[in-house]
Every structure is written in C-alpha cells, then in structure tokens.
$ cat entry02.txt   # compact mmCIF, N, CA and C atoms
# COMPACT_ATOMS: atom_id res chain seq x y z
N MET A 9 29.74 164.83 7.71
CA MET A 9 29.89 163.83 6.67
C MET A 9 31.15 163.02 6.93
N GLN A 10 31.03 161.72 6.81
CA GLN A 10 32.16 160.84 7.06
C GLN A 10 33.03 160.71 5.81
N ALA A 11 34.34 160.69 6.01
CA ALA A 11 35.28 160.56 4.90
C ALA A 11 35.20 159.15 4.31
N PRO A 12 35.29 159.05 2.99
CA PRO A 12 35.34 157.71 2.39
C PRO A 12 36.66 157.04 2.76
N PRO A 13 36.71 155.71 2.73
CA PRO A 13 37.98 155.05 3.03
C PRO A 13 39.02 155.40 1.97
N LEU A 14 40.26 155.45 2.39
CA LEU A 14 41.32 155.71 1.43
C LEU A 14 41.46 154.53 0.47
N PHE A 15 41.73 154.82 -0.77
CA PHE A 15 41.88 153.79 -1.79
C PHE A 15 42.96 152.79 -1.40
N ARG A 16 44.06 153.28 -0.85
CA ARG A 16 45.18 152.40 -0.49
C ARG A 16 44.82 151.43 0.63
N ASP A 17 43.79 151.76 1.42
CA ASP A 17 43.39 150.90 2.53
C ASP A 17 42.33 149.88 2.12
N ARG A 18 41.85 149.95 0.91
CA ARG A 18 40.85 148.98 0.43
C ARG A 18 41.55 147.67 0.05
N PRO A 19 40.84 146.55 0.09
CA PRO A 19 41.43 145.28 -0.35
C PRO A 19 41.82 145.35 -1.83
N ARG A 20 42.86 144.62 -2.21
CA ARG A 20 43.37 144.65 -3.58
C ARG A 20 42.28 144.35 -4.62
N PRO A 21 41.41 143.33 -4.43
CA PRO A 21 40.37 143.10 -5.43
C PRO A 21 39.44 144.31 -5.61
N THR A 22 39.13 145.00 -4.54
CA THR A 22 38.29 146.19 -4.61
C THR A 22 39.02 147.29 -5.37
N GLN A 23 40.32 147.43 -5.13
CA GLN A 23 41.12 148.42 -5.86
C GLN A 23 41.09 148.14 -7.36
N ILE A 24 41.20 146.87 -7.73
CA ILE A 24 41.21 146.50 -9.15
C ILE A 24 39.86 146.83 -9.79
N VAL A 25 38.78 146.51 -9.08
CA VAL A 25 37.44 146.79 -9.61
C VAL A 25 37.22 148.30 -9.74
N LEU A 26 37.49 149.05 -8.67
CA LEU A 26 37.22 150.49 -8.68
C LEU A 26 38.19 151.26 -9.56
N GLY A 27 39.45 150.85 -9.58
CA GLY A 27 40.46 151.60 -10.32
C GLY A 27 40.64 151.17 -11.76
N GLY A 28 40.21 149.97 -12.10
CA GLY A 28 40.43 149.46 -13.46
C GLY A 28 39.17 149.05 -14.18
N LEU A 29 38.41 148.18 -13.54
CA LEU A 29 37.22 147.63 -14.20
C LEU A 29 36.12 148.67 -14.41
N VAL A 30 35.84 149.47 -13.40
CA VAL A 30 34.78 150.47 -13.53
C VAL A 30 35.09 151.47 -14.65
N PRO A 31 36.29 152.06 -14.70
CA PRO A 31 36.56 152.98 -15.81
C PRO A 31 36.51 152.30 -17.18
N PHE A 32 36.97 151.06 -17.27
CA PHE A 32 36.96 150.37 -18.55
C PHE A 32 35.54 150.07 -19.01
N VAL A 33 34.72 149.54 -18.12
CA VAL A 33 33.34 149.20 -18.49
C VAL A 33 32.55 150.46 -18.82
N PHE A 34 32.72 151.51 -18.03
CA PHE A 34 32.02 152.75 -18.34
C PHE A 34 32.51 153.32 -19.67
N GLY A 35 33.81 153.23 -19.92
CA GLY A 35 34.35 153.66 -21.21
C GLY A 35 33.77 152.85 -22.35
N ALA A 36 33.60 151.55 -22.14
CA ALA A 36 33.02 150.70 -23.18
C ALA A 36 31.58 151.11 -23.48
N ILE A 37 30.83 151.44 -22.45
CA ILE A 37 29.45 151.92 -22.65
C ILE A 37 29.47 153.21 -23.46
N VAL A 38 30.37 154.12 -23.10
CA VAL A 38 30.50 155.38 -23.83
C VAL A 38 30.93 155.11 -25.27
N GLY A 39 31.79 154.11 -25.47
CA GLY A 39 32.25 153.76 -26.81
C GLY A 39 31.14 153.28 -27.71
N VAL A 40 30.16 152.61 -27.15
CA VAL A 40 29.00 152.18 -27.94
C VAL A 40 28.08 153.38 -28.20
N VAL A 41 27.88 154.20 -27.17
CA VAL A 41 26.99 155.35 -27.28
C VAL A 41 27.52 156.38 -28.27
N ILE A 42 28.83 156.48 -28.42
CA ILE A 42 29.42 157.49 -29.32
C ILE A 42 28.95 157.28 -30.76
N GLY A 43 28.56 156.07 -31.09
CA GLY A 43 28.04 155.81 -32.43
C GLY A 43 26.55 156.02 -32.55
N VAL A 44 25.90 156.40 -31.45
CA VAL A 44 24.44 156.55 -31.44
C VAL A 44 24.03 158.02 -31.31
N SER A 45 24.64 158.73 -30.35
CA SER A 45 24.18 160.09 -30.06
C SER A 45 25.32 160.94 -29.51
N ALA A 46 25.53 162.11 -30.10
CA ALA A 46 26.55 163.03 -29.62
C ALA A 46 26.18 163.57 -28.24
N GLY A 47 24.90 163.91 -28.05
CA GLY A 47 24.45 164.44 -26.77
C GLY A 47 24.64 163.45 -25.64
N ALA A 48 24.28 162.20 -25.89
CA ALA A 48 24.46 161.16 -24.87
C ALA A 48 25.93 160.96 -24.57
N TYR A 49 26.78 161.02 -25.60
CA TYR A 49 28.22 160.90 -25.39
C TYR A 49 28.72 161.99 -24.45
N TRP A 50 28.36 163.25 -24.75
CA TRP A 50 28.85 164.35 -23.92
C TRP A 50 28.28 164.27 -22.50
N GLY A 51 27.04 163.83 -22.37
CA GLY A 51 26.47 163.66 -21.03
C GLY A 51 27.21 162.60 -20.23
N LEU A 52 27.51 161.46 -20.87
CA LEU A 52 28.26 160.40 -20.18
C LEU A 52 29.70 160.82 -19.92
N ALA A 53 30.28 161.61 -20.82
CA ALA A 53 31.64 162.10 -20.60
C ALA A 53 31.67 163.03 -19.39
N ALA A 54 30.65 163.87 -19.23
CA ALA A 54 30.56 164.74 -18.06
C ALA A 54 30.41 163.91 -16.78
N LEU A 55 29.61 162.86 -16.86
CA LEU A 55 29.45 161.96 -15.72
C LEU A 55 30.77 161.30 -15.36
N ALA A 56 31.55 160.92 -16.37
CA ALA A 56 32.87 160.33 -16.12
C ALA A 56 33.79 161.34 -15.45
N GLY A 57 33.69 162.60 -15.85
CA GLY A 57 34.49 163.65 -15.21
C GLY A 57 34.13 163.81 -13.74
N LEU A 58 32.84 163.77 -13.43
CA LEU A 58 32.41 163.81 -12.03
C LEU A 58 32.92 162.58 -11.27
N GLY A 59 32.92 161.44 -11.96
CA GLY A 59 33.46 160.22 -11.34
C GLY A 59 34.93 160.36 -11.00
N ALA A 60 35.69 161.02 -11.87
CA ALA A 60 37.11 161.24 -11.59
C ALA A 60 37.31 162.11 -10.36
N ILE A 61 36.48 163.13 -10.23
CA ILE A 61 36.58 164.00 -9.05
C ILE A 61 36.24 163.22 -7.79
N VAL A 62 35.15 162.46 -7.83
CA VAL A 62 34.74 161.67 -6.67
C VAL A 62 35.78 160.61 -6.33
N ALA A 63 36.40 159.99 -7.34
CA ALA A 63 37.45 159.01 -7.09
C ALA A 63 38.63 159.66 -6.37
N GLY A 64 38.89 160.92 -6.68
CA GLY A 64 39.98 161.64 -6.01
C GLY A 64 39.73 161.79 -4.51
N PHE A 65 38.46 161.78 -4.08
CA PHE A 65 38.13 161.86 -2.66
C PHE A 65 38.74 160.71 -1.87
N GLU A 66 38.99 159.59 -2.52
CA GLU A 66 39.52 158.41 -1.83
C GLU A 66 41.04 158.48 -1.62
N HIS A 67 41.61 159.63 -1.89
CA HIS A 67 43.05 159.78 -1.75
C HIS A 67 43.37 160.86 -0.74
N GLN A 68 44.54 160.75 -0.16
CA GLN A 68 44.93 161.64 0.92
C GLN A 68 45.13 163.08 0.45
N ASP A 69 45.51 163.25 -0.80
CA ASP A 69 45.76 164.59 -1.32
C ASP A 69 45.59 164.60 -2.84
N GLY A 70 45.89 165.73 -3.44
CA GLY A 70 45.75 165.87 -4.88
C GLY A 70 46.70 164.99 -5.67
N TRP A 71 47.86 164.70 -5.12
CA TRP A 71 48.83 163.87 -5.85
C TRP A 71 48.31 162.45 -6.05
N GLY A 72 47.76 161.87 -5.01
CA GLY A 72 47.18 160.53 -5.13
C GLY A 72 46.00 160.51 -6.08
N GLY A 73 45.16 161.55 -5.99
CA GLY A 73 44.04 161.66 -6.90
C GLY A 73 44.49 161.82 -8.34
N ALA A 74 45.59 162.56 -8.54
CA ALA A 74 46.14 162.75 -9.89
C ALA A 74 46.63 161.43 -10.47
N ASP A 75 47.32 160.65 -9.65
CA ASP A 75 47.82 159.35 -10.12
C ASP A 75 46.67 158.45 -10.55
N ARG A 76 45.65 158.38 -9.71
CA ARG A 76 44.51 157.53 -10.03
C ARG A 76 43.77 158.04 -11.25
N GLY A 77 43.61 159.36 -11.34
CA GLY A 77 42.92 159.95 -12.48
C GLY A 77 43.66 159.72 -13.79
N LEU A 78 44.99 159.76 -13.73
CA LEU A 78 45.79 159.51 -14.93
C LEU A 78 45.54 158.10 -15.47
N VAL A 79 45.63 157.13 -14.58
CA VAL A 79 45.43 155.73 -14.98
C VAL A 79 43.97 155.49 -15.36
N GLY A 80 43.05 155.99 -14.54
CA GLY A 80 41.63 155.80 -14.82
C GLY A 80 41.20 156.43 -16.13
N GLY A 81 41.73 157.62 -16.43
CA GLY A 81 41.40 158.28 -17.68
C GLY A 81 41.90 157.51 -18.89
N ALA A 82 43.11 156.96 -18.77
CA ALA A 82 43.67 156.16 -19.88
C ALA A 82 42.85 154.88 -20.08
N ILE A 83 42.48 154.23 -18.99
CA ILE A 83 41.68 153.00 -19.09
C ILE A 83 40.30 153.31 -19.65
N PHE A 84 39.70 154.41 -19.21
CA PHE A 84 38.40 154.85 -19.72
C PHE A 84 38.46 155.05 -21.23
N ALA A 85 39.47 155.77 -21.71
CA ALA A 85 39.60 156.04 -23.15
C ALA A 85 39.85 154.76 -23.93
N ALA A 86 40.64 153.85 -23.36
CA ALA A 86 40.86 152.57 -24.04
C ALA A 86 39.54 151.82 -24.19
N GLY A 87 38.71 151.86 -23.16
CA GLY A 87 37.39 151.24 -23.24
C GLY A 87 36.53 151.86 -24.34
N ILE A 88 36.60 153.18 -24.46
CA ILE A 88 35.85 153.87 -25.52
C ILE A 88 36.29 153.36 -26.89
N LEU A 89 37.59 153.39 -27.12
CA LEU A 89 38.12 153.04 -28.44
C LEU A 89 37.88 151.57 -28.80
N ILE A 90 38.08 150.69 -27.83
CA ILE A 90 37.89 149.26 -28.09
C ILE A 90 36.42 148.95 -28.38
N ALA A 91 35.52 149.46 -27.54
CA ALA A 91 34.09 149.19 -27.74
C ALA A 91 33.59 149.82 -29.03
N HIS A 92 34.08 151.01 -29.34
CA HIS A 92 33.66 151.67 -30.58
C HIS A 92 34.13 150.87 -31.81
N ALA A 93 35.34 150.34 -31.72
CA ALA A 93 35.85 149.53 -32.83
C ALA A 93 35.04 148.24 -32.99
N ILE A 94 34.68 147.63 -31.87
CA ILE A 94 33.89 146.40 -31.92
C ILE A 94 32.48 146.69 -32.45
N ALA A 95 31.89 147.80 -32.00
CA ALA A 95 30.53 148.16 -32.45
C ALA A 95 30.52 148.47 -33.94
N GLY A 96 31.61 149.03 -34.45
CA GLY A 96 31.72 149.30 -35.88
C GLY A 96 30.81 150.41 -36.39
N THR A 97 30.37 151.29 -35.52
CA THR A 97 29.50 152.38 -35.93
C THR A 97 30.32 153.62 -36.28
N HIS A 98 29.67 154.56 -36.93
CA HIS A 98 30.32 155.84 -37.24
C HIS A 98 30.15 156.76 -36.03
N ALA A 99 31.27 157.31 -35.53
CA ALA A 99 31.22 158.17 -34.35
C ALA A 99 30.46 159.46 -34.65
N LYS A 100 29.54 159.81 -33.77
CA LYS A 100 28.77 161.05 -33.91
C LYS A 100 29.58 162.24 -33.39
N VAL A 101 30.70 161.96 -32.72
CA VAL A 101 31.62 162.97 -32.20
C VAL A 101 32.98 162.66 -32.80
N SER A 102 33.70 163.67 -33.21
CA SER A 102 35.00 163.45 -33.83
C SER A 102 35.99 162.86 -32.83
N LEU A 103 36.66 161.80 -33.25
CA LEU A 103 37.73 161.21 -32.46
C LEU A 103 39.10 161.72 -32.92
N GLY A 104 39.09 162.68 -33.80
CA GLY A 104 40.32 163.26 -34.31
C GLY A 104 40.91 162.40 -35.43
N SER A 105 42.01 162.89 -36.00
CA SER A 105 42.64 162.16 -37.10
C SER A 105 43.44 160.97 -36.60
N PHE A 106 43.78 160.95 -35.31
CA PHE A 106 44.53 159.84 -34.72
C PHE A 106 43.83 159.45 -33.41
N PRO A 107 42.79 158.60 -33.49
CA PRO A 107 41.97 158.28 -32.31
C PRO A 107 42.74 157.81 -31.07
N PRO A 108 43.88 157.08 -31.19
CA PRO A 108 44.58 156.69 -29.96
C PRO A 108 45.06 157.87 -29.11
N LEU A 109 45.12 159.06 -29.70
CA LEU A 109 45.49 160.24 -28.92
C LEU A 109 44.44 160.53 -27.84
N LEU A 110 43.23 159.99 -28.02
CA LEU A 110 42.18 160.15 -27.01
C LEU A 110 42.64 159.59 -25.67
N VAL A 111 43.45 158.54 -25.69
CA VAL A 111 43.96 157.96 -24.44
C VAL A 111 44.78 158.99 -23.69
N VAL A 112 45.65 159.69 -24.38
CA VAL A 112 46.50 160.71 -23.75
C VAL A 112 45.64 161.87 -23.24
N ILE A 113 44.71 162.32 -24.06
CA ILE A 113 43.86 163.44 -23.67
C ILE A 113 43.02 163.11 -22.44
N ASP A 114 42.39 161.93 -22.46
CA ASP A 114 41.57 161.53 -21.31
C ASP A 114 42.41 161.26 -20.07
N ALA A 115 43.62 160.77 -20.25
CA ALA A 115 44.51 160.56 -19.11
C ALA A 115 44.86 161.89 -18.46
N ILE A 116 45.15 162.89 -19.26
CA ILE A 116 45.47 164.22 -18.71
C ILE A 116 44.25 164.83 -18.03
N ALA A 117 43.09 164.74 -18.69
CA ALA A 117 41.87 165.26 -18.07
C ALA A 117 41.56 164.53 -16.77
N GLY A 118 41.70 163.20 -16.77
CA GLY A 118 41.47 162.43 -15.56
C GLY A 118 42.44 162.80 -14.45
N MET A 119 43.69 163.05 -14.82
CA MET A 119 44.70 163.45 -13.83
C MET A 119 44.30 164.77 -13.17
N LEU A 120 43.90 165.74 -13.97
CA LEU A 120 43.52 167.04 -13.42
C LEU A 120 42.27 166.95 -12.55
N LEU A 121 41.27 166.20 -13.02
CA LEU A 121 40.03 166.06 -12.25
C LEU A 121 40.24 165.24 -10.98
N GLY A 122 41.05 164.18 -11.07
CA GLY A 122 41.37 163.39 -9.88
C GLY A 122 42.13 164.21 -8.85
N ALA A 123 43.06 165.05 -9.33
CA ALA A 123 43.81 165.92 -8.42
C ALA A 123 42.87 166.91 -7.73
N LEU A 124 41.92 167.44 -8.49
CA LEU A 124 40.92 168.34 -7.90
C LEU A 124 40.15 167.62 -6.80
N GLY A 125 39.71 166.39 -7.09
CA GLY A 125 38.98 165.61 -6.08
C GLY A 125 39.83 165.33 -4.85
N GLY A 126 41.10 164.98 -5.06
CA GLY A 126 41.99 164.74 -3.93
C GLY A 126 42.18 165.98 -3.08
N ARG A 127 42.33 167.11 -3.73
CA ARG A 127 42.51 168.37 -3.01
C ARG A 127 41.23 168.76 -2.27
N LEU A 128 40.07 168.60 -2.92
CA LEU A 128 38.80 168.89 -2.25
C LEU A 128 38.60 167.96 -1.05
N GLY A 129 38.95 166.68 -1.23
CA GLY A 129 38.82 165.72 -0.14
C GLY A 129 39.70 166.10 1.04
N ARG A 130 40.90 166.57 0.76
CA ARG A 130 41.81 166.99 1.83
C ARG A 130 41.23 168.18 2.60
N THR A 131 40.54 169.07 1.88
CA THR A 131 39.91 170.22 2.52
C THR A 131 38.69 169.79 3.34
N LEU A 132 37.90 168.84 2.80
CA LEU A 132 36.70 168.40 3.50
C LEU A 132 36.99 167.53 4.70
N TRP A 133 38.05 166.72 4.61
CA TRP A 133 38.38 165.78 5.69
C TRP A 133 39.84 165.94 6.10
N PRO A 134 40.19 167.06 6.77
CA PRO A 134 41.60 167.30 7.12
C PRO A 134 42.16 166.30 8.13
N ALA A 135 41.31 165.62 8.88
CA ALA A 135 41.80 164.66 9.88
C ALA A 135 42.46 163.46 9.24
N ARG A 136 42.27 163.23 7.93
CA ARG A 136 42.86 162.08 7.25
C ARG A 136 44.32 162.29 6.89
N GLU A 137 44.91 163.41 7.24
CA GLU A 137 46.26 163.72 6.78
C GLU A 137 47.33 162.85 7.42
N LYS A 138 46.99 162.07 8.42
CA LYS A 138 47.94 161.16 9.04
C LYS A 138 48.32 160.09 8.02
N THR A 139 49.60 159.87 7.82
CA THR A 139 50.05 158.93 6.80
C THR A 139 50.23 157.54 7.38
N ARG A 140 50.29 156.58 6.51
CA ARG A 140 50.50 155.20 6.91
C ARG A 140 51.84 155.05 7.63
N SER A 141 52.87 155.79 7.21
CA SER A 141 54.17 155.69 7.86
C SER A 141 54.09 156.18 9.29
N ASP A 142 53.19 157.15 9.59
CA ASP A 142 53.00 157.58 10.97
C ASP A 142 52.45 156.44 11.82
N ASP A 143 51.57 155.63 11.24
CA ASP A 143 51.01 154.50 11.97
C ASP A 143 52.09 153.44 12.26
N ILE A 144 52.96 153.22 11.31
CA ILE A 144 53.97 152.18 11.44
C ILE A 144 55.02 152.53 12.48
N HIS A 145 55.36 153.81 12.58
CA HIS A 145 56.46 154.21 13.45
C HIS A 145 56.05 154.64 14.84
N GLN A 146 54.80 154.35 15.22
CA GLN A 146 54.35 154.66 16.57
C GLN A 146 54.92 153.61 17.54
N PRO A 147 55.35 154.04 18.72
CA PRO A 147 55.84 153.06 19.70
C PRO A 147 54.73 152.13 20.14
N VAL A 148 55.07 150.88 20.34
CA VAL A 148 54.11 149.86 20.75
C VAL A 148 54.01 149.88 22.27
N GLY A 149 52.76 149.80 22.78
CA GLY A 149 52.57 149.66 24.22
C GLY A 149 52.18 150.85 24.85

$ encode --input "entry02.txt" --output "structure tokens"
Amino acid sequence: MQAPPLFRDRPRPTQIVLGGLVPFVFGAIVGVVIGVSAGAYWGLAALAGLGAIVAGFEHQDGWGGADRGLVGGAIFAAGILIAHAIAGTHAKVSLGSFPPLLVVIDAIAGMLLGALGGRLGRTLWPAREKTRSDDIHQPVG
C-alpha cells in the first residue's frame, strides 16, 4: 500500500479545503441532522472520528496528526453549533448546559484520534520518517 502524501507537501489551497472546509461542512451537516435523529447524529459522529484517524495518516507522526485533529475537531464542532443554530431545531442529543463547550470536547477528541492516525501511519509507512530539513541540508551535486 502506498503512503498518502504528507499534508505539509500538499498545495496551500488543498490544505485549506482538507483541513478547514471539509470538517466545517461535515460539521454543518451533522448540525442539521442533530435536530432530526439521535442515531444518525451518532453514526455521523463516528464517521467523523474515523475521518480524524485517516487525516492523521497524512502526517509524519502522532504530533502532526494531533495538531491537525485539534484544529479539525474545533472547526467540526463550530460547524455543528452554527448549522444547528441556523436550523433552529431541537437537538435530539444533549449539547450540555453550555453548548460552546462542544468545541473544546471535539477538539480534544480530534486531537487524540488524529494522533492515533499519525502514529498508525508512522507504523504503516516507516520510510516517510525523513524530514523536510533532511532534504534541505543535503549537499548539492
């Protein structure tokens, strides 16, 4: 199996789409669904968790995956809360007494799942451990 490209090596627009837009849009979908069905919410939340692990594969190690998961989880939760507020429905799943805390909770969960993905990726593709600084400091010629 071929290793996915590292997130840092992707073009900036692709990074913005994968690291920001995808979690926000998926969070917005979940935010609408939370007012419709608890089961669908939990199913989509599990899918988002798998997405965090897979996103971690695009990083050299668990630390990079953790960073991306932290940001992605926060953006995902913001999408949930914003879309749910716009939809104006009653949540079928409790958002707690202070719904903005969901951003912190999802950021921590995303960080842990992204770190897991980064660590699994490092185990699956050990040849990727060469860092960008190693490439820069190689003698020319």

$ closest_residue --input "entry02.txt" --among "A:Leu78, A:Phe32, A:Ile116, A:His67" --to "A:Arg16" --atoms "all atoms listed in the file"
A:His67

$ select_by_dssp --input "entry02.txt" --residues "stretch 37-123 of chain A" --states "helix (DSSP H, G or I)" --output "PyMOL selection string"
chain A and resi 37-41+46-64+70-95+109-123

$ closest_residue --input "entry02.txt" --among "A:Gln68, A:Gln23, A:Thr97, A:Ser105" --to "A:Gly125" --atoms "all atoms listed in the file"
A:Gln68

$ residues_near_point --input "entry02.txt" --point "(43.1, 163.9, -8.2)" --cutoff "6 Å" --atoms "only N, CA and C atoms" --output "VMD selection string"
chain A and resid 64 69 to 75 77 119 to 127

$ atom_distance --input "entry02.txt" --atom1 "atom C of A:Ala56" --atom2 "atom C of A:Gly35"
10.9 Å

$ atom_distance --input "entry02.txt" --atom1 "atom CA of A:Leu29" --atom2 "atom CA of A:Ile42"
19.7 Å

$ closest_residue --input "entry02.txt" --among "A:Pro134, A:Gly87, A:Gly59, A:Gly47" --to "A:Val101" --atoms "only C-alpha atoms"
A:Gly47
